[in-house]
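Following: one structure in C-alpha cells, then a few remarks.
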Amino acid sequence: MQPMAAPRPLPLFRSSPGSRREWLKRAACGFGSLSLAALAEASPLRVPRAKRIIFLYMSGGPSQMDTFDYKPLLQKSDGKELPFAIPRLQEARKLGKLMASPFEFRQHGESGLRISSIFPRLARHADRLCVLNGMHTNGFDHGQAQIKMATGAETLVRPSIGSWVVYGLGEENKNLPGFISICPMRSERGTRGYSGAFLPASCQGTTIGFEDIPASKARISHLTNDQTPSTLQRRQLDLLAELNGAHRIQSGPDPRAEGVIGSFELAFRMQNEAPKLMDMSRESQATLDLYGIGRQPTDDFGRQCLMARRFAEAGVRFIQLTSTTRKLRPGVSDWDQHENLKEDLAFNAASVDQPIAALLTDLEQRGLLEDTLVWWGGEFGRTPLSQPSKGPAGRDHNPSGFTMWLAGGGVKGGITHGRTDDFGYRAVEDKVHMHDLHATLLHLLGLDHEKLTYRYAGRDFRLTDVYGNIVHPILA
Amino acid sequence: MLAALAMAATFPSLPLASAAAGASFFRERVEPLLQKRCYECHSHGGKIKGGLVLDSRAGWQAGGDSGPAVVPGSLEKSRLIEAVRYLNPDLEMPPKAKLPDGEVAVFEEWVRLGTPDPREAKTVEKAGVDLEQGRRHWAYQPVRDASPPAVQDEDWPLNEVDAFILAKQEANGLKPGPEADPHVWLRRVTLDLTGLPPTEAEIVEFVADHSPKAHERVVDRLLSSIAYGERWARHWLDLVGYAEQIGTEGKVFAEHAWRYRDYLVESFHHDKPFDRFIREQLAGDLLPAASPRERRENLIATGFILLGDVDINAIDKLKMEHDFVDSQVSKVGTAFLGMTLGCVRCHDHKFDAIGQQDYYALAGMFRSTRTTFKTPHGIWSNIHRVPLPELEEDRRIGAAHEEKLAAWRQQKQNLETELNATENKELREKLKPAITQLELRIAHGEYFHPGKPQAIAVQDGAKPTDMRVTIRGNPYALGDAVPRGLVRVAMWGPQPEIPAGQSGRLQLAEWIADSRNPLTARVAVNRVWQKLFGEGLVRSVDYFGTRGDTPSHPELLDHLAHRFMQEGWSQKKLIRTLALSRAYRLSSEDAAAEPENKLLTRMNRQRLDAESIRDAMLVASGRLAAPSGGPGLPLEFPENISGLPITAKSNHPQFSIRTERVSQNHERTLYLPVVRTGTQPGSARLRDVFDFPQPAQFTSKRSETTVPTQSLYLLNADLIRERGEDLAKSLLSVKEDDTVRLARLWLRVLSRPITAAEREDALSFLQASRAAGETRAWTELARALFGTNEFLLRF
C-alpha cells in the first residue's frame, strides 16, 4: 500500500475522522487517491485489460435489424405475420406485420462482418468490432431500461456503472474527475446515469452540458466566473486559506476541514485544466475534419468524440457520450424510431458514423485503443414488426433482443457473439443480459463484479446485484 | 432395491416396476442433462443461485427462493418446465440460450412420469425464518427503563443523559473534553434546532446573559420558533421521498403535495405526539375526526404513503402497482421501524428473521389501498387524491375565483360574438389569439381551482384482499396468498383482526405506535440523537437489524426511548433534554480521544446541509423572508403549464418553469419546489451541489461530501454572489468604521467575534481589492467567508 501523497484533496469525510484505515476508506475514490477496493481485504482487482471506458450511448434504442443484426429471412418476409407469439406486454401496442430493413447489408473487412449501409465509415473498422447480437435486458419503457443499463437496477436508486468504476479504480488524473458525462439527458433517468447514489460523492459523474445543449456550447457548470477577475479570485482564495489555516491551528487537525481547503485548490486548478481539454481550437484542422467538426450533422457528436479522446488521454476513467439527435433536427425522436424509421435512422447514423469512426482511428493512432474500451449501444432494441403510424412506419421497443458492440481494450475484434431468432425479435443463442455485459466490462477493467461491493443500509451492494456472468468467449 | 423402495414410498401412485424404469430413465436421460446444463449454477459443487440446488431430490422438492422447482406430474405447475420452455421472459433457464427441443422434451417427460429421482436424499439446508433465534437480537427485545448510573465525578452531569455518557467514559478510563466556547454552542444549537444560524442580536443577548438559565432560555426560544418546525419537517421529508413532481417521466406536477409539507411543519411546530403522528400518516383516513379541520389534517397526513417515486408512465400497470407497493413497504420499514424490508420482496431476508410472509402481510395492506388511478391520457396514471372538507375560507376564496372565471368567460363570449359578426380580416386575426389566450386562462383557472381543496391522500380500496407472494418480485409469477398482518419478529402478541372491507393500515399504525413496539421509539429517539450529536447511538440510523451497528450506549438509548413514550411521545421534550446536557456543550476540538468518538468525549462536527447553507446566507445578509408555505412550484403562471385545456387525446398536463416566483429567492429552502428530473429549479439548484438526497431515496442520514464541484459553485455561482452582494450592501448601508463593519460581518457569517489577525487580513484584502469598487470588494470578502470551514461546518 503506497502512502497517500500530500497535498491531496479529500473527497469524503463524515463526522469523525476515524481510524487510519477508515480514513483511507473514506478517502477512497477521491481525486488521485487509491481506491477503497484496492485496499480492501477481498480485493476485486484482477489483471486489467483496459484502463478506461468510452460509452457511446444512443439514446432511445437503436434498431438492431437495421444496423448490426442482419436477418435474411426478415428481408424475405416483409408484410408477413410473425410466426410466433409476441411478448405479453407488447400485445397492447397494436403492432403491424414484419418489416424488412430498408437498408442494405454488406460484408466488411477480413472478418466479413455484416453492417448496414448507414454506417459506411464505421464499417471500415469492422475487424475491430465485437458485436453482441444476443443482448437482452429488462424494461419495455425507456425509463426502466435506461436505468437498468446505467445502474443494473430497474427502479431503485443505485450507483451508475461509471461511479462503480471510479469507486473501484480511483482516478488517474488528480486535476480531473474520474467520470465525465457529456451532454447527458436531463430527466431523472438521465441523472441516474451519472449518479453515485450512496457511493461517496466523488464517484459521481461530472456533467458537461446537457442533451439539449449543442456540444459546442457544453460546459462544466460554474467553471468560469465572468464577474470576478482571476487576480481578485486568487486573492480571495489566499484569504480563505489564511482564515482556514488560522482556524485549523486553533481547532486542531481535521481531515474534513482539510478536504474543504483541498477542494477549493482543486477547483481553482480545474478552472485552468478543464477548459484547455475542452478547447478544440488546439486541434489541427485535419483532426477536426476527421471527426466531422464544423459540418452537419456530425459537428455535435464529433465534438463529443474528440472531447472523449482528450479526456481518455488525460486519464479520465469513464466517459459517457450521449447521442440525442432531436437537438440536430426537430421532429427526430433521438434513436427512438416509432415512426419514419428509414429517414430518421439514416439521419441518426449519419450524425455519428464519421465521429465514431474517427474516434476509433484516433485512439488507434495514439496507441490508446489497446487499453480503452469503446462501448456502443442503446437501452434496448426494436421489434422486427412495424409500428403503424400516420406517416412511414417505425418499430417498437424491444428488450428481448438487441445489439451492442465493443471495441478496443481486451475484446476480440471482427466477431459477432450471440444470435437472435430468424427475425431478430428475441435473443436465443449466447444470450448476454445487461448484467452479463456489466460483469464483463468490470472484468475487462480488472474488477471482479462479485467482489466490488459497497456496504449501505446494512447490506453489500453490487453493480450486478445477484446476477452477471462474464462473457468469456469475447475476451481477447 | 432400497432406493426403489424409498421411491415407491415417495410416489405411491407409481407401480414398483415402472419405478425401476423411472429410475433408469432418470439416470440415463435426466441426470446427465442436469449435470451438463444446470449444475454450474444449481449444485453444491457449483453455485447455488436463487437458493436452488438440483443435485439431490430434496433440492428440487424444497426449491429455491421462489418455492418448489418441480411439482411431480404437473407440467403447468413446475417452474423448471416453465423456465426451460422459455415462455416467460422473466424466467428463462438456462439463461444464455434455450435448450434444444429434444432436451426440453426430456425434462417434460421426467415431470410427466412423476419425477422419479433415485438419488440418495441429501439434506438441503433451506433456512426458513427462525423467529425464536431472530427475537434474541437486541432491537427486538422490549424497551427497558434504565436508571442513570452512578459516576465518580458527580459535578459533571447536568442531567441524566450526562450520567450515562460519563459512566461509560469512566469505565473506559476516559474523561470528557472541555466545553465549547459559548459562541460555538449558540451557533451549534441554533443550527441543529432550526437550521439557521443565530442573528447578531441573538448572539449579543446570549453572551450578555449570565444567569444560570441562559442556556434554557435559548433552547426554549428555539423550540417555540416556527423555524424549528421547518427544520424538522425537512428531516422527515428525507424519509418520504417527497417531491412536487409525480414520477420521472415527463414533468407531471404534484400540485397538492405542499399540503403534506406544511402539515409536517405544523406538526413539529405544535409538537404533535409522535404516536399520533404515526397513526395519521399511515391511517389518517380511517381515524375519527372531531372537526372538518381535523379531518383535513388526517387526510393530508396520508400523503406519506403516496409522495414517493412511482413510474406513472409505465405500460405495465400491474408491475407499476407492485413496484409502488414495494416502495411503500420499504418506506414504512425505514421510516418507522429501522428495518430493510424491500429485499424481502424476492426472498427471505438474508440476515434478519423477516420472511416473505412478513413482507406480503404488509404489502397486502398497501395493495388493498387506493394509491394510483389511470388517467384518460395515453398510458399515464396518476397518484390518488381526495377532496378535502371545505372550510369557510375555501368557500370565500372559491366564490371570488368563480367571479373571476365568470368574467373571463363573459369576455371570451363577447369576443366570439364580435368575431362571428365581422368579416374584417385584420380584426379577425386580432380577435383569434385574444380568444385563445382567454381560453387558456379559463382552462388554467378551472384546473387550479383554489376553492376546491384536494390532497394527495389514500383511501381503502373497494375490495381489500390478501396478496400473493410474487416469485422474484415478478407480479405475473404468483405463489401462495399471505394473510395481511404484521412483522412477526417484532410482535409481542397475536396477529390483529382486520375487519372485513378494511386494508389493515389502521392495525399496522396501532402496532407501530404502540409503546410495546420494540423498534418505534428507539428508532425515533436515535434519529433525534443523530441530528444533535452527528452520529446515532446506533450509527446505522435507518437499519437496526443484525447487520447494523449495535448501540454504543444501549442503556441510554432505552432510557431515552422509555422516557420519550412516558412524556407523551414529545419530541420537543426529548430535544430539550439533549440540548441542555453537558455532553452537548462539549468542544469538537480534537482531544487526544479515540478517533471514532463512540464514547462522546467531544462533539462530532457536521457539514451544514444544503438547506442550511443557503438559509444561513440569507440570515447573514438579512434577507430571509418570513415563513410562507403553500405551493412550491409556481403553477399560478399559465405559461408554466402545458397541456391545458385538457382534451381526451392530449398528454397529461405538465410543468416547465418559465416564470419563477420572485419571492422564492428569499424564502427558506424548504419551501422551494423539489423536482425529480433535471436540476432543481431556480435557487434550489444549490441542493444538487450539496448532497440533497435523490427524492426516490428514503434516508435519514445524508452524505456529507467535499468535492470540487461544490467549491466551484461557491467560487462562481451567481446565487452566492447575490448573497454576498446583499450582505455587502447591508453592511455598507450603515455609516460605520470598517473595523465595526468587519466585526458585524464576522458575527453574521461565523457567529463569533473577529480576531485581531483576521481583522488585519481582511483590511488588507479590502485595500487590495478596492479598485474593483467598494461593494465588489466587500462582496468578495463575504464570499471568502462563505467558503471557510467555519461557515460550512458546524463545530
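Naming scheme: A, B, ... for chains in displayed order of the C-alpha cells; residues 1 onward per chain; ligands 1 onward as shown.
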Shell of 7 Å around segment 350-352 of chain A, only C-alpha atoms, local chain residues under 5 positions omitted, as a list in words: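 Surrounding residues, per the criterion: Ile118, Pro297, Thr298 and Phe301 of chain A.
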Could you write out the selected residues, including N, CA and C atoms, as a tab-separated table (two decimals), in the first residue's frame?
```tsv
chain	number	residue	atom	x	y	z
A	118	ILE	N	-25.92	2.23	-43.58
A	118	ILE	CA	-25.97	3.57	-42.98
A	118	ILE	C	-24.73	3.87	-42.14
A	297	PRO	N	-24.37	16.70	-40.35
A	297	PRO	CA	-24.89	16.65	-38.97
A	297	PRO	C	-23.87	16.10	-37.98
A	298	THR	N	-22.59	16.13	-38.31
A	298	THR	CA	-21.62	15.43	-37.47
A	298	THR	C	-20.99	16.31	-36.39
A	301	PHE	N	-21.79	15.28	-32.38
A	301	PHE	CA	-21.21	14.06	-31.85
A	301	PHE	C	-19.70	14.03	-32.11
```
Who sits within 10 Å of Pro464 of chain B, only C-alpha atoms, same chain under 3 positions skipped, as a VMD selection string: chain B and resid 364 to 370 460 to 461 467 484 499 to 504
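Shell of Gly50 of chain B at 10 Å, with only C-alpha atoms counted and residues fewer than 5 places along the chain excluded, is Val466 and Tyr467 of chain A; Cys41, His42, Gly63, Gly64, Asp65, Ser66, Cys346, His347 and Arg472 of chain B.
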d(atom CA of Met565 of chain B, atom CA of Lys598 of chain B) in Å: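 Going from atom CA of Met565 of chain B over to atom CA of Lys598 of chain B, I get 25.6 Å.
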Atom CA of Leu362 of chain B to atom CA of Arg488 of chain B, straight-line distance in Å: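 Straight-line distance from atom CA of Arg488 of chain B to atom CA of Leu362 of chain B works out to 10.8 Å.
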Report the residues of segment 62-265 of chain B whose backbone DSSP state falls under helix (DSSP H, G or I), written as a tab-separated table (two decimals) with C-alpha atoms, in the first residue's frame.
```tsv
chain	number	residue	atom	x	y	z
B	62	ALA	CA	-37.60	-27.68	-1.49
B	79	ARG	CA	-41.27	-23.87	-12.60
B	80	LEU	CA	-38.44	-25.88	-14.06
B	81	ILE	CA	-40.58	-26.65	-17.09
B	82	GLU	CA	-41.75	-23.06	-17.42
B	83	ALA	CA	-38.13	-21.99	-17.31
B	84	VAL	CA	-36.74	-24.38	-19.93
B	85	ARG	CA	-39.66	-23.75	-22.26
B	101	ASP	CA	-36.24	-29.08	-28.16
B	102	GLY	CA	-35.14	-32.67	-27.53
B	103	GLU	CA	-33.69	-31.77	-24.16
B	104	VAL	CA	-36.77	-29.81	-23.16
B	105	ALA	CA	-38.77	-32.90	-24.03
B	106	VAL	CA	-36.67	-34.98	-21.65
B	107	PHE	CA	-37.48	-32.69	-18.77
B	108	GLU	CA	-41.15	-32.71	-19.72
B	109	GLU	CA	-41.18	-36.48	-19.83
B	110	TRP	CA	-39.47	-36.60	-16.44
B	111	VAL	CA	-42.14	-34.44	-14.84
B	112	ARG	CA	-44.92	-36.33	-16.59
B	131	LEU	CA	-38.27	-16.32	14.78
B	132	GLU	CA	-37.08	-17.57	18.16
B	133	GLN	CA	-33.49	-17.01	17.20
B	134	GLY	CA	-34.31	-13.73	15.48
B	135	ARG	CA	-36.02	-12.25	18.52
B	138	TRP	CA	-31.26	-6.60	20.87
B	139	ALA	CA	-33.54	-4.41	18.77
B	140	TYR	CA	-36.47	-6.83	19.07
B	160	GLU	CA	-29.39	12.01	33.26
B	161	VAL	CA	-28.01	11.90	29.75
B	162	ASP	CA	-24.65	13.06	31.08
B	163	ALA	CA	-24.62	10.38	33.76
B	164	PHE	CA	-24.88	7.64	31.12
B	165	ILE	CA	-22.23	9.26	28.96
B	166	LEU	CA	-19.79	9.91	31.78
B	167	ALA	CA	-20.21	6.50	33.40
B	168	LYS	CA	-19.20	4.82	30.18
B	169	GLN	CA	-16.18	7.08	29.77
B	170	GLU	CA	-15.07	6.48	33.34
B	171	ALA	CA	-15.41	2.73	32.86
B	182	PRO	CA	-20.37	29.94	24.21
B	183	HIS	CA	-20.41	31.35	20.68
B	184	VAL	CA	-19.79	27.90	19.29
B	185	TRP	CA	-22.53	26.40	21.46
B	186	LEU	CA	-25.04	29.04	20.40
B	187	ARG	CA	-24.28	28.54	16.71
B	188	ARG	CA	-24.45	24.76	17.16
B	189	VAL	CA	-27.76	24.68	18.99
B	190	THR	CA	-29.37	27.26	16.73
B	191	LEU	CA	-28.34	25.40	13.58
B	192	ASP	CA	-29.29	21.99	14.96
B	193	LEU	CA	-32.70	23.04	16.22
B	194	THR	CA	-33.75	25.45	13.50
B	200	GLU	CA	-26.35	39.34	15.59
B	201	ALA	CA	-28.94	40.32	18.20
B	202	GLU	CA	-29.32	36.76	19.47
B	203	ILE	CA	-25.59	36.41	19.87
B	204	VAL	CA	-25.29	39.66	21.78
B	205	GLU	CA	-28.19	38.71	24.03
B	206	PHE	CA	-26.85	35.28	24.91
B	207	VAL	CA	-23.33	36.44	25.60
B	208	ALA	CA	-24.67	39.13	27.92
B	214	ALA	CA	-29.27	31.38	29.86
B	215	HIS	CA	-28.99	28.07	28.00
B	216	GLU	CA	-32.54	27.08	28.84
B	217	ARG	CA	-33.84	30.39	27.59
B	218	VAL	CA	-32.13	29.88	24.25
B	219	VAL	CA	-33.35	26.31	23.83
B	220	ASP	CA	-36.92	27.22	24.73
B	221	ARG	CA	-36.88	30.18	22.37
B	222	LEU	CA	-35.63	27.98	19.55
B	223	LEU	CA	-38.09	25.17	20.22
B	224	SER	CA	-41.02	27.54	20.10
B	226	ILE	CA	-41.61	28.14	13.55
B	227	ALA	CA	-38.09	27.67	12.21
B	228	TYR	CA	-37.85	24.59	14.43
B	229	GLY	CA	-40.92	23.11	12.72
B	230	GLU	CA	-39.42	23.89	9.33
B	231	ARG	CA	-36.10	22.28	10.14
B	232	TRP	CA	-37.56	19.03	11.44
B	233	ALA	CA	-40.15	18.84	8.68
B	234	ARG	CA	-37.30	18.72	6.20
B	235	HIS	CA	-35.62	15.91	8.13
B	236	TRP	CA	-38.84	13.93	7.89
B	237	LEU	CA	-39.24	14.67	4.17
B	257	ALA	CA	-48.01	17.92	-2.36
B	258	TRP	CA	-47.21	21.11	-0.47
B	259	ARG	CA	-50.11	20.45	1.90
B	260	TYR	CA	-48.22	17.47	3.28
B	261	ARG	CA	-45.05	19.55	3.68
B	262	ASP	CA	-46.99	22.26	5.52
B	263	TYR	CA	-48.69	19.60	7.62
B	264	LEU	CA	-45.25	18.47	8.76
B	265	VAL	CA	-44.15	21.99	9.65
```
Who sits within 9 Å of Ser116 of chain A, only C-alpha atoms, same chain under 4 positions skipped, as a list in words: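 Selected residues are Met65, Asp66, Thr67, Phe68, Asp69, Tyr70, Phe103, Glu104, Phe105, Arg106, Gln107, Pro120 and Ala123 of chain A.
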Neighbour list for Met617 of chain B as a ChimeraX atom specification, cut-off 12 Å, only C-alpha atoms, skip fewer than 6 positions in-chain: /B:195-199,608,610-611,623-624,665-669,686,714,719-728,745,748-750,782-783,785-787,791-792
Include C-alpha atoms and write out the residues we just selected as a compact mmCIF listing (two decimals), in the first residue's frame.
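Ended up saving to again_39.txt:
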```
# COMPACT_ATOMS: atom_id res chain seq x y z
CA GLY B 195 -31.37 25.01 10.57
CA LEU B 196 -30.47 28.70 10.82
CA PRO B 197 -27.50 30.47 12.41
CA PRO B 198 -28.08 32.92 15.26
CA THR B 199 -28.61 36.56 14.34
CA LEU B 608 -24.13 22.04 7.00
CA ALA B 610 -27.78 22.22 1.51
CA GLU B 611 -30.76 23.95 3.10
CA ARG B 623 -32.82 38.94 3.63
CA LEU B 624 -34.57 35.82 4.92
CA ASN B 665 -35.32 33.93 -3.86
CA HIS B 666 -35.52 34.81 -0.19
CA GLU B 667 -37.65 32.02 1.21
CA ARG B 668 -36.25 29.16 3.23
CA THR B 669 -35.02 26.35 1.02
CA LEU B 686 -27.80 24.63 -4.63
CA LEU B 714 -19.14 28.63 -4.04
CA LEU B 719 -26.53 32.72 -6.20
CA ILE B 720 -23.54 33.02 -3.89
CA ARG B 721 -22.52 36.34 -5.43
CA GLU B 722 -26.04 37.69 -4.90
CA ARG B 723 -25.98 36.69 -1.23
CA GLY B 724 -22.53 38.22 -0.82
CA GLU B 725 -23.74 41.36 -2.52
CA ASP B 726 -26.81 41.61 -0.29
CA LEU B 727 -24.59 41.18 2.73
CA ALA B 728 -22.07 43.79 1.50
CA LEU B 745 -19.61 40.61 9.18
CA ARG B 748 -23.29 37.40 10.90
CA VAL B 749 -21.39 34.74 8.95
CA LEU B 750 -19.35 32.92 11.58
CA ALA B 782 -18.19 37.98 2.25
CA ARG B 783 -17.87 35.20 -0.29
CA LEU B 785 -16.16 33.83 4.44
CA PHE B 786 -18.88 31.65 2.89
CA GLY B 787 -16.08 29.35 1.78
CA PHE B 791 -19.12 28.55 7.84
CA LEU B 792 -19.58 25.23 6.03
```
Polymer residues at most 6 Å from segment 399-412 of chain A, only C-alpha atoms, same-chain spacing of 5 or more positions, as a count of residues only: 30
Residue contacts of segment 697-706 of chain B (9 Å, only C-alpha atoms) excluding same-chain residues fewer than 2 positions away, as a VMD selection string: (chain A and resid 9 to 15 156 to 157 197 to 198 200 to 202 256 259 to 260 263) or (chain B and resid 235 to 241 308 to 309 330 to 331 334 to 335 527 530 to 531 540 to 542 606 to 609 690 to 695 708 to 711)
Would you save the residues from that selection as a short mmCIF file (atom, residue, chain, number, x, y, z; two decimals), in the first residue's frame, using N, CA and C atoms?
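Result file result-v1.cif:
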```cif
data_model
loop_
_atom_site.label_atom_id
_atom_site.label_comp_id
_atom_site.auth_asym_id
_atom_site.auth_seq_id
_atom_site.Cartn_x
_atom_site.Cartn_y
_atom_site.Cartn_z
N PRO A 9 -6.48 16.58 -2.23
CA PRO A 9 -7.86 16.97 -1.93
C PRO A 9 -8.64 15.73 -1.50
N LEU A 10 -9.36 15.86 -0.44
CA LEU A 10 -10.03 14.69 0.09
C LEU A 10 -11.51 14.73 -0.20
N PRO A 11 -12.00 13.66 -0.72
CA PRO A 11 -13.34 13.71 -1.25
C PRO A 11 -14.46 13.54 -0.22
N LEU A 12 -14.27 12.73 0.79
CA LEU A 12 -15.42 12.43 1.62
C LEU A 12 -15.02 12.28 3.05
N PHE A 13 -15.63 13.05 3.87
CA PHE A 13 -15.39 12.88 5.29
C PHE A 13 -16.69 12.93 6.00
N ARG A 14 -16.85 12.02 6.92
CA ARG A 14 -18.06 12.04 7.71
C ARG A 14 -17.72 12.68 9.03
N SER A 15 -18.62 12.55 9.95
CA SER A 15 -18.49 13.37 11.15
C SER A 15 -17.19 13.19 11.92
N LEU A 156 -34.96 0.99 -8.26
CA LEU A 156 -34.31 1.50 -7.06
C LEU A 156 -33.13 2.41 -7.42
N VAL A 157 -32.81 3.28 -6.50
CA VAL A 157 -31.70 4.20 -6.73
C VAL A 157 -30.38 3.48 -6.43
N ALA A 197 -25.35 7.57 -6.35
CA ALA A 197 -26.29 7.11 -5.32
C ALA A 197 -25.62 7.15 -3.95
N PHE A 198 -25.46 6.00 -3.31
CA PHE A 198 -24.91 6.00 -1.96
C PHE A 198 -23.38 5.90 -1.94
N PRO A 200 -19.55 7.28 -2.26
CA PRO A 200 -19.01 8.61 -1.97
C PRO A 200 -19.20 9.53 -3.17
N ALA A 201 -19.53 10.79 -2.90
CA ALA A 201 -19.96 11.67 -3.99
C ALA A 201 -18.87 11.94 -5.00
N SER A 202 -17.60 11.72 -4.63
CA SER A 202 -16.57 11.97 -5.62
C SER A 202 -16.61 10.91 -6.72
N ARG A 256 -11.62 16.49 7.45
CA ARG A 256 -12.74 17.04 6.69
C ARG A 256 -12.47 18.50 6.33
N GLY A 259 -10.17 18.73 3.69
CA GLY A 259 -10.85 18.40 2.45
C GLY A 259 -11.44 19.63 1.79
N VAL A 260 -12.07 20.48 2.59
CA VAL A 260 -12.67 21.69 2.04
C VAL A 260 -11.57 22.55 1.41
N SER A 263 -10.27 21.00 -1.79
CA SER A 263 -11.18 21.01 -2.92
C SER A 263 -11.27 22.40 -3.54
N HIS B 235 -36.21 17.20 7.76
CA HIS B 235 -35.62 15.91 8.13
C HIS B 235 -36.59 14.78 7.80
N TRP B 236 -37.86 15.00 8.12
CA TRP B 236 -38.84 13.93 7.89
C TRP B 236 -39.05 13.71 6.39
N LEU B 237 -39.04 14.80 5.63
CA LEU B 237 -39.24 14.67 4.17
C LEU B 237 -38.17 13.77 3.54
N ASP B 238 -36.98 13.75 4.12
CA ASP B 238 -35.92 12.88 3.60
C ASP B 238 -36.31 11.41 3.68
N LEU B 239 -37.23 11.10 4.58
CA LEU B 239 -37.65 9.71 4.75
C LEU B 239 -38.85 9.36 3.88
N VAL B 240 -39.38 10.36 3.20
CA VAL B 240 -40.64 10.17 2.49
C VAL B 240 -40.44 10.05 0.98
N GLY B 241 -39.33 10.59 0.48
CA GLY B 241 -39.13 10.62 -0.97
C GLY B 241 -39.98 11.72 -1.60
N GLY B 308 -43.93 9.39 -2.99
CA GLY B 308 -42.63 8.81 -3.31
C GLY B 308 -42.57 8.68 -4.82
N ASP B 309 -41.54 8.04 -5.29
CA ASP B 309 -41.39 7.89 -6.73
C ASP B 309 -42.27 6.75 -7.24
N SER B 330 -41.09 -0.55 1.88
CA SER B 330 -39.72 -0.16 2.22
C SER B 330 -39.72 1.11 3.06
N LYS B 331 -40.56 2.05 2.68
CA LYS B 331 -40.60 3.34 3.38
C LYS B 331 -41.05 3.17 4.82
N THR B 334 -38.21 1.60 6.76
CA THR B 334 -37.11 2.50 7.06
C THR B 334 -37.53 3.61 8.03
N ALA B 335 -38.67 4.25 7.74
CA ALA B 335 -39.05 5.45 8.49
C ALA B 335 -39.43 5.13 9.94
N ARG B 527 -32.73 8.81 15.95
CA ARG B 527 -32.63 9.78 14.85
C ARG B 527 -32.42 11.18 15.39
N GLN B 530 -28.96 11.56 16.57
CA GLN B 530 -28.03 11.71 15.45
C GLN B 530 -28.02 13.14 14.90
N LYS B 531 -29.17 13.76 14.85
CA LYS B 531 -29.22 15.12 14.32
C LYS B 531 -28.47 16.08 15.26
N SER B 540 -26.00 3.03 12.43
CA SER B 540 -26.81 2.75 11.24
C SER B 540 -28.24 3.18 11.54
N VAL B 541 -28.49 4.49 11.44
CA VAL B 541 -29.76 5.05 11.91
C VAL B 541 -30.99 4.48 11.24
N ASP B 542 -30.88 4.06 9.99
CA ASP B 542 -32.05 3.55 9.29
C ASP B 542 -32.15 2.04 9.33
N GLN B 606 -20.28 18.50 11.97
CA GLN B 606 -21.15 18.14 10.85
C GLN B 606 -21.04 19.20 9.77
N ARG B 607 -21.13 18.73 8.52
CA ARG B 607 -21.19 19.69 7.41
C ARG B 607 -22.62 20.22 7.37
N LEU B 608 -22.78 21.50 7.14
CA LEU B 608 -24.13 22.04 7.00
C LEU B 608 -24.79 21.37 5.80
N ASP B 609 -26.10 21.09 5.90
CA ASP B 609 -26.76 20.53 4.73
C ASP B 609 -27.10 21.66 3.76
N PHE B 690 -24.94 20.24 -2.92
CA PHE B 690 -24.56 19.86 -1.56
C PHE B 690 -25.36 18.67 -1.02
N ASP B 691 -25.33 17.58 -1.73
CA ASP B 691 -25.79 16.29 -1.20
C ASP B 691 -27.26 16.20 -0.83
N PHE B 692 -28.10 16.96 -1.49
CA PHE B 692 -29.53 16.75 -1.29
C PHE B 692 -29.86 15.34 -1.80
N PRO B 693 -30.59 14.53 -1.02
CA PRO B 693 -30.79 13.16 -1.48
C PRO B 693 -31.74 13.09 -2.67
N GLN B 694 -31.50 12.16 -3.56
CA GLN B 694 -32.43 11.96 -4.68
C GLN B 694 -33.79 11.66 -4.08
N PRO B 695 -34.83 12.34 -4.57
CA PRO B 695 -36.12 12.15 -3.92
C PRO B 695 -36.73 10.76 -4.10
N PRO B 708 -14.89 19.10 -5.56
CA PRO B 708 -14.57 20.39 -6.20
C PRO B 708 -15.77 21.07 -6.84
N THR B 709 -16.78 20.30 -7.25
CA THR B 709 -17.94 20.97 -7.83
C THR B 709 -18.57 21.93 -6.82
N GLN B 710 -18.49 21.56 -5.54
CA GLN B 710 -19.03 22.46 -4.52
C GLN B 710 -18.19 23.73 -4.44
N SER B 711 -16.89 23.54 -4.48
CA SER B 711 -16.03 24.72 -4.41
C SER B 711 -16.23 25.61 -5.63
#
```
Filtered DSSP result for segment 299-343 of chain A, state strand (DSSP E or B), as a list in words: Phe318, Ile319, Gln320, Leu321, Thr322, Ser323 and Glu339 of chain A
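Take the candidates B:Ala583, B:Val71, B:Ala314, B:Ile456 and check each one against chain A using only C-alpha atoms; the shortest distance goes to B:Ala314.
Atom CA of His433 of chain A is found 27.3 Å from atom CA of Ala346 of chain A.
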